[in-house]
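Enquirer: Structure provided below as structure tokens; questions to follow.
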Amino acid sequence: MEAIFARLGRRMDLITEIIHDKGHKVQQRNALYTGADIVIGTAKRLYEMYIANGLNLSKIKMLIIDDSDAILKAGLQTQILRLVESISKCQYIMINDEYTDRMKKSSELFMFQPYLLEINEENIDSDVI
């Protein structure tokens with residue numbers, strides 16, 4: 001995922017940070033402290049960073065929730081909603097293999113008029129990206 005956003009942002013001077021459970025917390029917190037335009041991470045680690053004051057949500061411009069349905073199945077909806085409640089203005093992206101009722105209900109809690117975008121890998125032109 002990091003490589004995809006690096007390609008998408010190569011002409012826009014965007015800083016992307018990846019925050020996940022297997023990474024070193026201090027290094028991830030330091031990377032977030034220096035600033036990021038896009039933060040991609042696991043719900044659990046993002047929430048941990050937020051609780052430990054290592055994630056300044058006022059500067060986030062985009063929050064991407066990958067494998068959304070699995071996160072919701074794991075019972076992490078409350079953590080996601082707490083993060084979202086602390087963000088003043090941001091774009092939200094929920095990514096999943098398929099759009100489920102659980103995702104629909106959850107997205108309606110914090111997204112204004114969510115838009116469904118379906119992408120097939122065979123239709124993606126890597127030269128355009």
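We name chains A, B, ... following the order of the structure tokens; residues begin at 1 in each chain, and ligands are numbered from 1 as shown.
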From a backbone DSSP assignment, name each residue in segment 17-124 of chain A labelled strand (DSSP E), as number ranges by chain.
Expert: A: 17-19, 38-41, 62-66, 91-95
Enquirer: Could those selected residues go to a file with C-alpha atoms, as a PDB file, in the first residue's frame?
Expert:
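Below you can see selection-v7.pdb, which holds the result:
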ATOM      1  CA  GLU A  17       3.364   7.159   7.012  1.00  0.00           C
ATOM      2  CA  ILE A  18       2.570   3.490   7.592  1.00  0.00           C
ATOM      3  CA  ILE A  19       1.617   2.594  11.167  1.00  0.00           C
ATOM      4  CA  ILE A  38      -1.535  10.588   4.715  1.00  0.00           C
ATOM      5  CA  VAL A  39      -1.498   8.066   7.567  1.00  0.00           C
ATOM      6  CA  ILE A  40      -2.163   4.415   6.729  1.00  0.00           C
ATOM      7  CA  GLY A  41      -2.355   2.040   9.647  1.00  0.00           C
ATOM      8  CA  MET A  62      -6.803  11.700   4.895  1.00  0.00           C
ATOM      9  CA  LEU A  63      -7.591   8.605   6.988  1.00  0.00           C
ATOM     10  CA  ILE A  64      -7.491   5.294   5.129  1.00  0.00           C
ATOM     11  CA  ILE A  65      -9.008   2.214   6.721  1.00  0.00           C
ATOM     12  CA  ASP A  66      -7.787  -0.871   4.851  1.00  0.00           C
ATOM     13  CA  GLN A  91     -11.134  12.660   3.747  1.00  0.00           C
ATOM     14  CA  TYR A  92     -11.934   9.097   4.751  1.00  0.00           C
ATOM     15  CA  ILE A  93     -11.312   6.031   2.625  1.00  0.00           C
ATOM     16  CA  MET A  94     -12.493   2.559   3.597  1.00  0.00           C
ATOM     17  CA  ILE A  95     -10.959  -0.228   1.512  1.00  0.00           C
TER      18      ILE A  95
END
Enquirer: Excluding Lys25 of chain A and any residue of its chain fewer than 3 positions from it, enumerate the residues within 10 Å of it, using only C-alpha atoms, and give them as a list in words.
Expert: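 The filter keeps Ile19, His20, Asp21, Lys22, Gln28, Arg29, Asn30, Ala31, Arg45, Glu48, Met49 and Gly54 of chain A.
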Enquirer: Rounded to one decimal in Å, what is the spacing between atom CA of Ala74 of chain A and atom CA of Lys105 of chain A?
Expert: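 These two atoms are separated by 15.5 Å.
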Enquirer: What parts of chain A does DSSP call helix (DSSP H, G or I)? I'd like the answer as a PyMOL selection string.
Expert: chain A and resi 2-8+25-33+43-51+57-59+68-73+77-85+101-110+121-123
Enquirer: Would you list the contacts of Ile80 of chain A as a ChimeraX atom specification, taking every protein, DNA or RNA residue within 7 Å and counting only C-alpha atoms, but skipping same-chain residues closer than 4 positions in sequence?
Expert: /A:43,76,84
Enquirer: Could the residues in this selection be written to a file with N, CA and C atoms, as a PDB file, in the first residue's frame?
Expert:
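Result file is result_1.pdb:
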ATOM      1  N   ALA A  43      -6.061  -0.184  12.819  1.00  0.00           N
ATOM      2  CA  ALA A  43      -6.912   0.537  13.765  1.00  0.00           C
ATOM      3  C   ALA A  43      -6.337   0.480  15.172  1.00  0.00           C
ATOM      4  N   LEU A  76     -13.366  -3.373  16.406  1.00  0.00           N
ATOM      5  CA  LEU A  76     -12.574  -2.148  16.555  1.00  0.00           C
ATOM      6  C   LEU A  76     -13.329  -0.895  16.103  1.00  0.00           C
ATOM      7  N   VAL A  84     -12.069   9.205  14.636  1.00  0.00           N
ATOM      8  CA  VAL A  84     -12.806  10.078  13.721  1.00  0.00           C
ATOM      9  C   VAL A  84     -13.391  11.280  14.447  1.00  0.00           C
TER      10      VAL A  84
END
Enquirer: Which one of A:Ser68, A:Asn53, A:Gln27, A:Ser88 sits closest to Lys104 of chain A if you count only C-alpha atoms?
Expert: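 That would be A:Ser68, the residue with the smallest distance to Lys104 of chain A.
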Enquirer: Pick from A:Leu72, A:Ala36, A:Val26, A:Leu46: nearest to Asp13 of chain A, with only C-alpha atoms counted?
Expert: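 Looking at the shortest contact to Asp13 of chain A, the residue is A:Ala36.
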Enquirer: Hey, can you check how far atom CA of Gln113 of chain A sits from atom CA of Gly35 of chain A?
Expert: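 So the answer is 28.5 Å.
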Enquirer: Using atom CA of Asn96 of chain A and atom CA of Ala70 of chain A as the two end points, give the distance in Å to one decimal.
Expert: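 Taking atom CA of Asn96 of chain A as the start and atom CA of Ala70 of chain A as the end point, the length is 8.5 Å.
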Enquirer: So that I can see what lies close to Ser106 of chain A, please list as a PyMOL selection string the residues with an atom at most 12 Å from it, counting only C-alpha atoms and leaving out residues fewer than 3 positions away in the same chain.
Expert: chain A and resi 65+68-69+71-73+75-78+80-81+84+94+99-103+109-112+114
